[in-house]
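Below: the structure, in structure tokens.
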Amino acid sequence: MVDKTIGERIKQTLYEKRMTGFELASKAKISEGGLSQIINNKIVNLKVDTALRIAKALNVSPMWLLLGDKSDETLFSEEHPVIGSDYYPVPRYEVTFDPNSDTEPKFVEYKYDRLSLFHKSYFEKYGIRSCAFCKSFKVTGDSMEPLIRNGDYVIVDCDPKLKIVDGDIYAFCDTQGLHVKRLIAPLRGGLIIRSDNSLYEDEFLSKDEVSSIRVIGHVIDRAGSIIGA
């Protein structure tokens, strides 16, 4: 019989391993109060990075801990942090770009925020060649409201072979940081940068000015809080 909740599976493993909640909390680097809420099912949406730490501390399969799936009997391994063979994480990144010194954007994984997890069918749905191309970014500002709000997270396909499709939404960066906008390439060259929020006017970049930005990738999805940033 498969335990129905993450909390029940943690309880079961603690009992089998003769481990206390205090020991688990210390090894997983979470508070005892937070662990208690997880065990008692008061936290419904457990962050994946927290689940990974708990699975590592218990030396159990992350797939089993999260989903109760025993098809993957592999114990936790630093070399195999993916949750099951069909699920892949899309970490959040910070990005910087200085056209005066950088030829390409610099990405730094942001380790203190949510870690999105997707089934392989998600990538197939969007025709993504490899999940390794996908990155998550946090959006700031209201220029793409109401579709994308301040504080939303966007999933970006950073496949280097992607071409700009007029009117689609792309992530790009310049000296000011990350931007998420609709891009249009007019016949005369250059680039039109368009916001969904009617309060923002179109921006026009000439052929020469286009070199001041770097298009990171195609925005394929977004998620955010329904109660604001």
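As shown in the structure tokens, the chain order sets the letters A, B, ...; within each chain, residues go from 1, and ligands are also counted from 1 in the order they appear.
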
Among the residues of stretch 12-165 of chain A, find those DSSP assigns to helix (DSSP H, G or I) from the backbone and print them as an mmCIF file with all heavy atoms, in the first residue's frame.
data_model
loop_
_atom_site.group_PDB
_atom_site.id
_atom_site.type_symbol
_atom_site.label_atom_id
_atom_site.label_comp_id
_atom_site.auth_asym_id
_atom_site.auth_seq_id
_atom_site.Cartn_x
_atom_site.Cartn_y
_atom_site.Cartn_z
ATOM 1 N N GLN A 12 6.798 7.349 7.752
ATOM 2 C CA GLN A 12 7.139 5.940 7.556
ATOM 3 C C GLN A 12 8.651 5.753 7.562
ATOM 4 O O GLN A 12 9.186 4.847 8.219
ATOM 5 C CB GLN A 12 6.569 5.451 6.223
ATOM 6 C CG GLN A 12 7.044 4.061 5.822
ATOM 7 C CD GLN A 12 6.632 3.691 4.395
ATOM 8 O OE1 GLN A 12 5.567 4.083 3.933
ATOM 9 N NE2 GLN A 12 7.488 2.943 3.713
ATOM 10 N N THR A 13 9.359 6.616 6.844
ATOM 11 C CA THR A 13 10.813 6.479 6.731
ATOM 12 C C THR A 13 11.508 6.794 8.046
ATOM 13 O O THR A 13 12.488 6.127 8.421
ATOM 14 C CB THR A 13 11.353 7.402 5.616
ATOM 15 O OG1 THR A 13 10.600 7.177 4.419
ATOM 16 C CG2 THR A 13 12.820 7.125 5.340
ATOM 17 N N LEU A 14 11.010 7.801 8.757
ATOM 18 C CA LEU A 14 11.587 8.122 10.068
ATOM 19 C C LEU A 14 11.472 6.917 10.997
ATOM 20 O O LEU A 14 12.417 6.592 11.732
ATOM 21 C CB LEU A 14 10.874 9.332 10.681
ATOM 22 C CG LEU A 14 11.184 10.708 10.084
ATOM 23 C CD1 LEU A 14 10.288 11.764 10.715
ATOM 24 C CD2 LEU A 14 12.656 11.068 10.282
ATOM 25 N N TYR A 15 10.303 6.252 10.977
ATOM 26 C CA TYR A 15 10.088 5.073 11.829
ATOM 27 C C TYR A 15 11.031 3.941 11.430
ATOM 28 O O TYR A 15 11.666 3.307 12.292
ATOM 29 C CB TYR A 15 8.637 4.617 11.715
ATOM 30 C CG TYR A 15 8.345 3.330 12.455
ATOM 31 C CD1 TYR A 15 8.174 3.330 13.838
ATOM 32 C CD2 TYR A 15 8.261 2.114 11.762
ATOM 33 C CE1 TYR A 15 7.910 2.146 14.521
ATOM 34 C CE2 TYR A 15 7.998 0.934 12.444
ATOM 35 C CZ TYR A 15 7.831 0.951 13.819
ATOM 36 O OH TYR A 15 7.582 -0.217 14.489
ATOM 37 N N GLU A 16 11.140 3.689 10.105
ATOM 38 C CA GLU A 16 11.982 2.580 9.630
ATOM 39 C C GLU A 16 13.454 2.813 9.924
ATOM 40 O O GLU A 16 14.196 1.875 10.205
ATOM 41 C CB GLU A 16 11.767 2.391 8.128
ATOM 42 C CG GLU A 16 10.389 1.874 7.768
ATOM 43 C CD GLU A 16 10.166 1.832 6.269
ATOM 44 O OE1 GLU A 16 11.021 2.363 5.532
ATOM 45 O OE2 GLU A 16 9.137 1.265 5.831
ATOM 46 N N LYS A 17 13.882 4.076 9.877
ATOM 47 C CA LYS A 17 15.301 4.388 10.067
ATOM 48 C C LYS A 17 15.623 4.772 11.511
ATOM 49 O O LYS A 17 16.773 5.122 11.815
ATOM 50 C CB LYS A 17 15.722 5.524 9.115
ATOM 51 C CG LYS A 17 15.676 5.129 7.647
ATOM 52 C CD LYS A 17 16.140 6.284 6.750
ATOM 53 C CE LYS A 17 16.135 5.856 5.284
ATOM 54 N NZ LYS A 17 17.164 4.846 4.975
ATOM 55 N N GLY A 21 12.626 13.572 14.240
ATOM 56 C CA GLY A 21 12.344 14.737 13.416
ATOM 57 C C GLY A 21 13.434 15.775 13.532
ATOM 58 O O GLY A 21 13.774 16.461 12.554
ATOM 59 N N PHE A 22 14.010 15.898 14.732
ATOM 60 C CA PHE A 22 15.095 16.854 14.940
ATOM 61 C C PHE A 22 16.304 16.502 14.076
ATOM 62 O O PHE A 22 16.927 17.375 13.460
ATOM 63 C CB PHE A 22 15.507 16.877 16.422
ATOM 64 C CG PHE A 22 16.721 17.727 16.697
ATOM 65 C CD1 PHE A 22 16.613 19.110 16.752
ATOM 66 C CD2 PHE A 22 17.968 17.136 16.891
ATOM 67 C CE1 PHE A 22 17.731 19.896 16.991
ATOM 68 C CE2 PHE A 22 19.085 17.918 17.133
ATOM 69 C CZ PHE A 22 18.962 19.308 17.191
ATOM 70 N N GLU A 23 16.627 15.214 14.015
ATOM 71 C CA GLU A 23 17.765 14.777 13.200
ATOM 72 C C GLU A 23 17.515 15.058 11.717
ATOM 73 O O GLU A 23 18.403 15.537 11.006
ATOM 74 C CB GLU A 23 18.011 13.280 13.405
ATOM 75 C CG GLU A 23 18.537 12.912 14.776
ATOM 76 C CD GLU A 23 18.646 11.416 14.971
ATOM 77 O OE1 GLU A 23 17.687 10.700 14.634
ATOM 78 O OE2 GLU A 23 19.701 10.953 15.447
ATOM 79 N N LEU A 24 16.310 14.785 11.274
ATOM 80 C CA LEU A 24 15.987 15.013 9.868
ATOM 81 C C LEU A 24 16.026 16.505 9.537
ATOM 82 O O LEU A 24 16.589 16.900 8.515
ATOM 83 C CB LEU A 24 14.604 14.445 9.539
ATOM 84 C CG LEU A 24 14.088 14.737 8.132
ATOM 85 C CD1 LEU A 24 15.050 14.213 7.072
ATOM 86 C CD2 LEU A 24 12.698 14.123 7.937
ATOM 87 N N ALA A 25 15.440 17.311 10.403
ATOM 88 C CA ALA A 25 15.429 18.755 10.166
ATOM 89 C C ALA A 25 16.847 19.295 10.081
ATOM 90 O O ALA A 25 17.163 20.142 9.241
ATOM 91 C CB ALA A 25 14.642 19.459 11.270
ATOM 92 N N SER A 26 17.730 18.807 10.960
ATOM 93 C CA SER A 26 19.122 19.269 10.960
ATOM 94 C C SER A 26 19.838 18.863 9.674
ATOM 95 O O SER A 26 20.535 19.679 9.060
ATOM 96 C CB SER A 26 19.860 18.693 12.174
ATOM 97 O OG SER A 26 19.290 19.149 13.376
ATOM 98 N N LYS A 27 19.647 17.606 9.250
ATOM 99 C CA LYS A 27 20.314 17.123 8.046
ATOM 100 C C LYS A 27 19.766 17.783 6.786
ATOM 101 O O LYS A 27 20.505 18.057 5.836
ATOM 102 C CB LYS A 27 20.162 15.601 7.929
ATOM 103 C CG LYS A 27 20.985 14.808 8.940
ATOM 104 C CD LYS A 27 20.854 13.316 8.685
ATOM 105 C CE LYS A 27 21.715 12.508 9.647
ATOM 106 N NZ LYS A 27 21.611 11.042 9.383
ATOM 107 N N ALA A 28 18.462 18.051 6.764
ATOM 108 C CA ALA A 28 17.826 18.648 5.584
ATOM 109 C C ALA A 28 17.921 20.172 5.598
ATOM 110 O O ALA A 28 17.509 20.822 4.633
ATOM 111 C CB ALA A 28 16.373 18.219 5.498
ATOM 112 N N GLU A 32 12.448 22.768 12.478
ATOM 113 C CA GLU A 32 11.601 21.695 12.997
ATOM 114 C C GLU A 32 10.131 22.033 12.776
ATOM 115 O O GLU A 32 9.318 21.155 12.481
ATOM 116 C CB GLU A 32 11.872 21.494 14.486
ATOM 117 C CG GLU A 32 13.183 20.804 14.796
ATOM 118 C CD GLU A 32 13.317 20.494 16.266
ATOM 119 O OE1 GLU A 32 12.778 19.451 16.712
ATOM 120 O OE2 GLU A 32 13.945 21.299 16.982
ATOM 121 N N GLY A 33 9.799 23.323 12.902
ATOM 122 C CA GLY A 33 8.424 23.748 12.677
ATOM 123 C C GLY A 33 7.988 23.517 11.244
ATOM 124 O O GLY A 33 6.865 23.072 10.976
ATOM 125 N N GLY A 34 8.898 23.825 10.310
ATOM 126 C CA GLY A 34 8.591 23.599 8.897
ATOM 127 C C GLY A 34 8.415 22.125 8.595
ATOM 128 O O GLY A 34 7.496 21.731 7.865
ATOM 129 N N LEU A 35 9.288 21.301 9.177
ATOM 130 C CA LEU A 35 9.170 19.850 8.973
ATOM 131 C C LEU A 35 7.865 19.331 9.549
ATOM 132 O O LEU A 35 7.192 18.490 8.941
ATOM 133 C CB LEU A 35 10.360 19.138 9.618
ATOM 134 C CG LEU A 35 10.340 17.602 9.529
ATOM 135 C CD1 LEU A 35 10.367 17.148 8.070
ATOM 136 C CD2 LEU A 35 11.528 17.008 10.296
ATOM 137 N N SER A 36 7.490 19.833 10.721
ATOM 138 C CA SER A 36 6.249 19.410 11.353
ATOM 139 C C SER A 36 5.040 19.738 10.468
ATOM 140 O O SER A 36 4.111 18.930 10.331
ATOM 141 C CB SER A 36 6.085 20.098 12.716
ATOM 142 O OG SER A 36 4.840 19.780 13.301
ATOM 143 N N GLN A 37 5.077 20.921 9.817
ATOM 144 C CA GLN A 37 3.975 21.304 8.928
ATOM 145 C C GLN A 37 3.903 20.385 7.716
ATOM 146 O O GLN A 37 2.811 20.034 7.248
ATOM 147 C CB GLN A 37 4.152 22.748 8.479
ATOM 148 C CG GLN A 37 3.850 23.773 9.564
ATOM 149 C CD GLN A 37 3.889 25.186 9.030
ATOM 150 O OE1 GLN A 37 4.839 25.600 8.380
ATOM 151 N NE2 GLN A 37 2.828 25.930 9.295
ATOM 152 N N ILE A 38 5.078 19.980 7.218
ATOM 153 C CA ILE A 38 5.112 19.060 6.065
ATOM 154 C C ILE A 38 4.562 17.695 6.466
ATOM 155 O O ILE A 38 3.725 17.114 5.765
ATOM 156 C CB ILE A 38 6.553 18.920 5.537
ATOM 157 C CG1 ILE A 38 7.050 20.255 4.969
ATOM 158 C CG2 ILE A 38 6.627 17.842 4.456
ATOM 159 C CD1 ILE A 38 8.533 20.275 4.668
ATOM 160 N N ILE A 39 5.015 17.190 7.608
ATOM 161 C CA ILE A 39 4.587 15.864 8.059
ATOM 162 C C ILE A 39 3.081 15.844 8.331
ATOM 163 O O ILE A 39 2.405 14.847 8.054
ATOM 164 C CB ILE A 39 5.371 15.443 9.320
ATOM 165 C CG1 ILE A 39 6.833 15.145 8.949
ATOM 166 C CG2 ILE A 39 4.739 14.220 9.984
ATOM 167 C CD1 ILE A 39 7.714 14.798 10.132
ATOM 168 N N VAL A 48 10.409 21.935 -4.554
ATOM 169 C CA VAL A 48 11.205 20.796 -4.990
ATOM 170 C C VAL A 48 12.570 20.779 -4.322
ATOM 171 O O VAL A 48 13.068 19.725 -3.934
ATOM 172 C CB VAL A 48 11.356 20.802 -6.529
ATOM 173 C CG1 VAL A 48 12.285 19.687 -6.969
ATOM 174 C CG2 VAL A 48 10.005 20.649 -7.188
ATOM 175 N N ASP A 49 13.197 21.964 -4.164
ATOM 176 C CA ASP A 49 14.522 21.971 -3.546
ATOM 177 C C ASP A 49 14.458 21.492 -2.095
ATOM 178 O O ASP A 49 15.371 20.822 -1.603
ATOM 179 C CB ASP A 49 15.185 23.346 -3.648
ATOM 180 C CG ASP A 49 14.315 24.461 -3.108
ATOM 181 O OD1 ASP A 49 13.111 24.227 -2.884
ATOM 182 O OD2 ASP A 49 14.837 25.572 -2.906
ATOM 183 N N THR A 50 13.354 21.800 -1.395
ATOM 184 C CA THR A 50 13.170 21.295 -0.023
ATOM 185 C C THR A 50 12.988 19.784 -0.039
ATOM 186 O O THR A 50 13.565 19.067 0.788
ATOM 187 C CB THR A 50 11.943 21.958 0.632
ATOM 188 O OG1 THR A 50 12.109 23.373 0.634
ATOM 189 C CG2 THR A 50 11.765 21.470 2.062
ATOM 190 N N ALA A 51 12.198 19.292 -0.989
ATOM 191 C CA ALA A 51 11.988 17.846 -1.105
ATOM 192 C C ALA A 51 13.292 17.119 -1.396
ATOM 193 O O ALA A 51 13.544 16.029 -0.863
ATOM 194 C CB ALA A 51 10.968 17.549 -2.211
ATOM 195 N N LEU A 52 14.134 17.723 -2.221
ATOM 196 C CA LEU A 52 15.425 17.110 -2.542
ATOM 197 C C LEU A 52 16.307 17.003 -1.298
ATOM 198 O O LEU A 52 16.983 15.988 -1.091
ATOM 199 C CB LEU A 52 16.140 17.907 -3.630
ATOM 200 C CG LEU A 52 15.550 17.808 -5.038
ATOM 201 C CD1 LEU A 52 16.253 18.785 -5.970
ATOM 202 C CD2 LEU A 52 15.660 16.399 -5.576
ATOM 203 N N ARG A 53 16.284 18.038 -0.468
ATOM 204 C CA ARG A 53 17.101 18.005 0.755
ATOM 205 C C ARG A 53 16.581 16.935 1.717
ATOM 206 O O ARG A 53 17.365 16.228 2.360
ATOM 207 C CB ARG A 53 17.111 19.377 1.425
ATOM 208 C CG ARG A 53 17.852 20.446 0.653
ATOM 209 C CD ARG A 53 18.258 21.610 1.550
ATOM 210 N NE ARG A 53 17.130 22.212 2.223
ATOM 211 C CZ ARG A 53 16.368 23.185 1.706
ATOM 212 N NH1 ARG A 53 16.624 23.638 0.484
ATOM 213 N NH2 ARG A 53 15.372 23.691 2.401
ATOM 214 N N ILE A 54 15.265 16.822 1.820
ATOM 215 C CA ILE A 54 14.683 15.801 2.701
ATOM 216 C C ILE A 54 15.001 14.406 2.172
ATOM 217 O O ILE A 54 15.380 13.503 2.938
ATOM 218 C CB ILE A 54 13.157 15.999 2.822
ATOM 219 C CG1 ILE A 54 12.853 17.305 3.559
ATOM 220 C CG2 ILE A 54 12.516 14.814 3.554
ATOM 221 C CD1 ILE A 54 11.377 17.657 3.598
ATOM 222 N N ALA A 55 14.866 14.212 0.863
ATOM 223 C CA ALA A 55 15.164 12.901 0.272
ATOM 224 C C ALA A 55 16.623 12.530 0.494
ATOM 225 O O ALA A 55 16.949 11.376 0.800
ATOM 226 C CB ALA A 55 14.842 12.923 -1.221
ATOM 227 N N LYS A 56 17.509 13.505 0.352
ATOM 228 C CA LYS A 56 18.934 13.251 0.568
ATOM 229 C C LYS A 56 19.190 12.867 2.024
ATOM 230 O O LYS A 56 19.937 11.916 2.307
ATOM 231 C CB LYS A 56 19.750 14.484 0.199
ATOM 232 C CG LYS A 56 21.240 14.329 0.421
ATOM 233 C CD LYS A 56 21.992 15.600 0.067
ATOM 234 C CE LYS A 56 23.485 15.454 0.342
ATOM 235 N NZ LYS A 56 24.230 16.715 0.027
ATOM 236 N N ALA A 57 18.563 13.604 2.946
ATOM 237 C CA ALA A 57 18.774 13.329 4.375
ATOM 238 C C ALA A 57 18.244 11.947 4.759
ATOM 239 O O ALA A 57 18.820 11.265 5.614
ATOM 240 C CB ALA A 57 18.099 14.408 5.216
ATOM 241 N N LEU A 58 17.150 11.518 4.117
ATOM 242 C CA LEU A 58 16.564 10.209 4.410
ATOM 243 C C LEU A 58 17.170 9.092 3.571
ATOM 244 O O LEU A 58 16.933 7.913 3.823
ATOM 245 C CB LEU A 58 15.053 10.249 4.167
ATOM 246 C CG LEU A 58 14.217 11.123 5.108
ATOM 247 C CD1 LEU A 58 12.774 11.172 4.628
ATOM 248 C CD2 LEU A 58 14.297 10.602 6.541
ATOM 249 N N PRO A 62 13.826 10.532 -4.434
ATOM 250 C CA PRO A 62 12.985 11.737 -4.470
ATOM 251 C C PRO A 62 11.655 11.479 -5.164
ATOM 252 O O PRO A 62 10.640 12.057 -4.797
ATOM 253 C CB PRO A 62 13.841 12.739 -5.258
ATOM 254 C CG PRO A 62 15.246 12.275 -5.064
ATOM 255 C CD PRO A 62 15.144 10.781 -5.036
ATOM 256 N N MET A 63 11.660 10.609 -6.180
ATOM 257 C CA MET A 63 10.434 10.275 -6.899
ATOM 258 C C MET A 63 9.424 9.634 -5.953
ATOM 259 O O MET A 63 8.227 9.943 -5.983
ATOM 260 C CB MET A 63 10.765 9.327 -8.049
ATOM 261 C CG MET A 63 9.616 9.065 -8.989
ATOM 262 S SD MET A 63 9.205 10.505 -9.953
ATOM 263 C CE MET A 63 8.181 9.737 -11.217
ATOM 264 N N TRP A 64 9.903 8.738 -5.113
ATOM 265 C CA TRP A 64 9.014 8.078 -4.150
ATOM 266 C C TRP A 64 8.533 9.072 -3.100
ATOM 267 O O TRP A 64 7.350 9.101 -2.742
ATOM 268 C CB TRP A 64 9.737 6.917 -3.474
ATOM 269 C CG TRP A 64 8.902 6.300 -2.382
ATOM 270 C CD1 TRP A 64 7.855 5.441 -2.530
ATOM 271 C CD2 TRP A 64 9.023 6.545 -0.971
ATOM 272 N NE1 TRP A 64 7.315 5.125 -1.303
ATOM 273 C CE2 TRP A 64 8.015 5.793 -0.331
ATOM 274 C CE3 TRP A 64 9.892 7.318 -0.198
ATOM 275 C CZ2 TRP A 64 7.846 5.792 1.053
ATOM 276 C CZ3 TRP A 64 9.729 7.322 1.173
ATOM 277 C CH2 TRP A 64 8.725 6.568 1.782
ATOM 278 N N LEU A 65 9.432 9.922 -2.606
ATOM 279 C CA LEU A 65 9.054 10.874 -1.567
ATOM 280 C C LEU A 65 7.963 11.815 -2.059
ATOM 281 O O LEU A 65 6.977 12.065 -1.362
ATOM 282 C CB LEU A 65 10.275 11.684 -1.127
ATOM 283 C CG LEU A 65 9.999 12.732 -0.033
ATOM 284 C CD1 LEU A 65 9.581 12.058 1.262
ATOM 285 C CD2 LEU A 65 11.216 13.609 0.191
ATOM 286 N N LEU A 66 8.109 12.340 -3.283
ATOM 287 C CA LEU A 66 7.156 13.316 -3.804
ATOM 288 C C LEU A 66 5.866 12.685 -4.307
ATOM 289 O O LEU A 66 4.780 13.221 -4.095
ATOM 290 C CB LEU A 66 7.794 14.124 -4.940
ATOM 291 C CG LEU A 66 8.675 15.299 -4.533
ATOM 292 C CD1 LEU A 66 9.314 15.911 -5.760
ATOM 293 C CD2 LEU A 66 7.881 16.349 -3.778
ATOM 294 N N LEU A 67 5.993 11.557 -4.985
ATOM 295 C CA LEU A 67 4.837 11.014 -5.691
ATOM 296 C C LEU A 67 4.401 9.628 -5.232
ATOM 297 O O LEU A 67 3.384 9.112 -5.697
ATOM 298 C CB LEU A 67 5.124 10.966 -7.199
ATOM 299 C CG LEU A 67 5.539 12.303 -7.841
ATOM 300 C CD1 LEU A 67 5.898 12.087 -9.301
ATOM 301 C CD2 LEU A 67 4.428 13.327 -7.711
ATOM 302 N N LYS A 120 8.473 15.278 -18.855
ATOM 303 C CA LYS A 120 9.032 15.353 -20.205
ATOM 304 C C LYS A 120 7.987 15.742 -21.249
ATOM 305 O O LYS A 120 8.312 16.352 -22.275
ATOM 306 C CB LYS A 120 9.678 14.029 -20.591
ATOM 307 C CG LYS A 120 8.715 12.855 -20.713
ATOM 308 C CD LYS A 120 9.447 11.591 -21.153
ATOM 309 C CE LYS A 120 8.494 10.419 -21.335
ATOM 310 N NZ LYS A 120 9.207 9.192 -21.761
ATOM 311 N N SER A 121 6.709 15.422 -20.979
ATOM 312 C CA SER A 121 5.649 15.775 -21.925
ATOM 313 C C SER A 121 5.492 17.285 -22.052
ATOM 314 O O SER A 121 5.022 17.786 -23.075
ATOM 315 C CB SER A 121 4.323 15.152 -21.484
ATOM 316 O OG SER A 121 3.942 15.612 -20.195
ATOM 317 N N TYR A 122 5.885 18.011 -21.008
ATOM 318 C CA TYR A 122 5.820 19.479 -21.042
ATOM 319 C C TYR A 122 6.739 20.015 -22.132
ATOM 320 O O TYR A 122 6.361 20.891 -22.917
ATOM 321 C CB TYR A 122 6.221 20.035 -19.679
ATOM 322 C CG TYR A 122 6.310 21.542 -19.596
ATOM 323 C CD1 TYR A 122 5.185 22.310 -19.307
ATOM 324 C CD2 TYR A 122 7.529 22.194 -19.785
ATOM 325 C CE1 TYR A 122 5.272 23.690 -19.216
ATOM 326 C CE2 TYR A 122 7.616 23.571 -19.699
ATOM 327 C CZ TYR A 122 6.490 24.311 -19.412
ATOM 328 O OH TYR A 122 6.582 25.685 -19.325
ATOM 329 N N PHE A 123 7.949 19.481 -22.197
ATOM 330 C CA PHE A 123 8.916 19.942 -23.190
ATOM 331 C C PHE A 123 8.504 19.498 -24.594
ATOM 332 O O PHE A 123 8.693 20.233 -25.571
ATOM 333 C CB PHE A 123 10.310 19.419 -22.841
ATOM 334 C CG PHE A 123 10.758 19.822 -21.465
ATOM 335 C CD1 PHE A 123 10.652 18.948 -20.396
ATOM 336 C CD2 PHE A 123 11.279 21.087 -21.227
ATOM 337 C CE1 PHE A 123 11.044 19.317 -19.123
ATOM 338 C CE2 PHE A 123 11.678 21.474 -19.953
ATOM 339 C CZ PHE A 123 11.554 20.589 -18.904
ATOM 340 N N GLU A 124 7.933 18.311 -24.680
ATOM 341 C CA GLU A 124 7.460 17.817 -25.974
ATOM 342 C C GLU A 124 6.317 18.685 -26.491
ATOM 343 O O GLU A 124 6.218 18.965 -27.685
ATOM 344 C CB GLU A 124 7.005 16.360 -25.834
ATOM 345 C CG GLU A 124 8.151 15.404 -25.499
ATOM 346 C CD GLU A 124 7.661 14.021 -25.104
ATOM 347 O OE1 GLU A 124 6.426 13.847 -24.967
ATOM 348 O OE2 GLU A 124 8.497 13.118 -24.911
ATOM 349 N N LYS A 125 5.462 19.117 -25.592
ATOM 350 C CA LYS A 125 4.310 19.952 -25.953
ATOM 351 C C LYS A 125 4.746 21.221 -26.671
ATOM 352 O O LYS A 125 4.107 21.666 -27.629
ATOM 353 C CB LYS A 125 3.524 20.292 -24.687
ATOM 354 C CG LYS A 125 2.457 21.356 -24.860
ATOM 355 C CD LYS A 125 1.842 21.701 -23.518
ATOM 356 C CE LYS A 125 0.882 22.870 -23.619
ATOM 357 N NZ LYS A 125 0.315 23.240 -22.298
ATOM 358 N N CYS A 131 15.519 19.784 -22.580
ATOM 359 C CA CYS A 131 15.152 20.486 -21.357
ATOM 360 C C CYS A 131 16.318 21.313 -20.834
ATOM 361 O O CYS A 131 16.123 22.283 -20.098
ATOM 362 C CB CYS A 131 14.688 19.495 -20.298
ATOM 363 S SG CYS A 131 15.964 18.319 -19.770
ATOM 364 N N ALA A 132 17.537 20.954 -21.234
ATOM 365 C CA ALA A 132 18.720 21.685 -20.777
ATOM 366 C C ALA A 132 18.741 23.118 -21.296
ATOM 367 O O ALA A 132 19.451 23.970 -20.753
ATOM 368 C CB ALA A 132 19.984 20.955 -21.223
ATOM 369 N N PHE A 133 17.970 23.402 -22.356
ATOM 370 C CA PHE A 133 17.915 24.747 -22.901
ATOM 371 C C PHE A 133 17.023 25.671 -22.073
ATOM 372 O O PHE A 133 17.048 26.889 -22.252
ATOM 373 C CB PHE A 133 17.392 24.738 -24.345
ATOM 374 C CG PHE A 133 18.342 24.148 -25.340
ATOM 375 C CD1 PHE A 133 17.892 23.247 -26.300
ATOM 376 C CD2 PHE A 133 19.686 24.476 -25.333
ATOM 377 C CE1 PHE A 133 18.752 22.701 -27.231
ATOM 378 C CE2 PHE A 133 20.565 23.930 -26.249
ATOM 379 C CZ PHE A 133 20.100 23.039 -27.203
#

(request) Name the residues in contact with stretch 174-188 of chain A at a cut-off of 7 Å, using only C-alpha atoms, excluding same-chain residues fewer than 4 positions from it; report them as a PyMOL selection string. (result) chain A and resi 95-98+144+166-170+192-195+212-214

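Checking A:Gly141, A:Gly224, A:Pro89, A:Gly217 one by one against A:Pro105, counting only C-alpha atoms, you find the shortest gap at A:Gly217.
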
(request) Kindly indicate which residue among A:Glu104, A:Glu109, A:Asp208, A:Asp159 lies nearest to A:Val90, using only C-alpha atoms for the distances. (result) A:Glu109

(request) Excluding A:Phe137 and any residue of its chain fewer than 6 positions from it, enumerate the residues within 7 Å of it, using only C-alpha atoms, and give them as a PyMOL selection string. (result) chain A and resi 92-94+153-155

(message) Can you tell me, as a count of residues only, which residues in stretch 89-184 of chain A count as strand (DSSP E) by DSSP?
(response) 38

(message) Just want the 12 Å neighbourhood of A:Leu162, counted on only C-alpha atoms, with same-chain residues fewer than 5 positions away dropped. Output as a list of chain:residue names.
(response)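 So the residues in contact are A:Gly127, A:Ile128, A:Arg129, A:Phe133, A:Val156, A:Asp157, A:Tyr170, A:Val215, A:Ile216, A:Gly217, A:His218, A:Val219.
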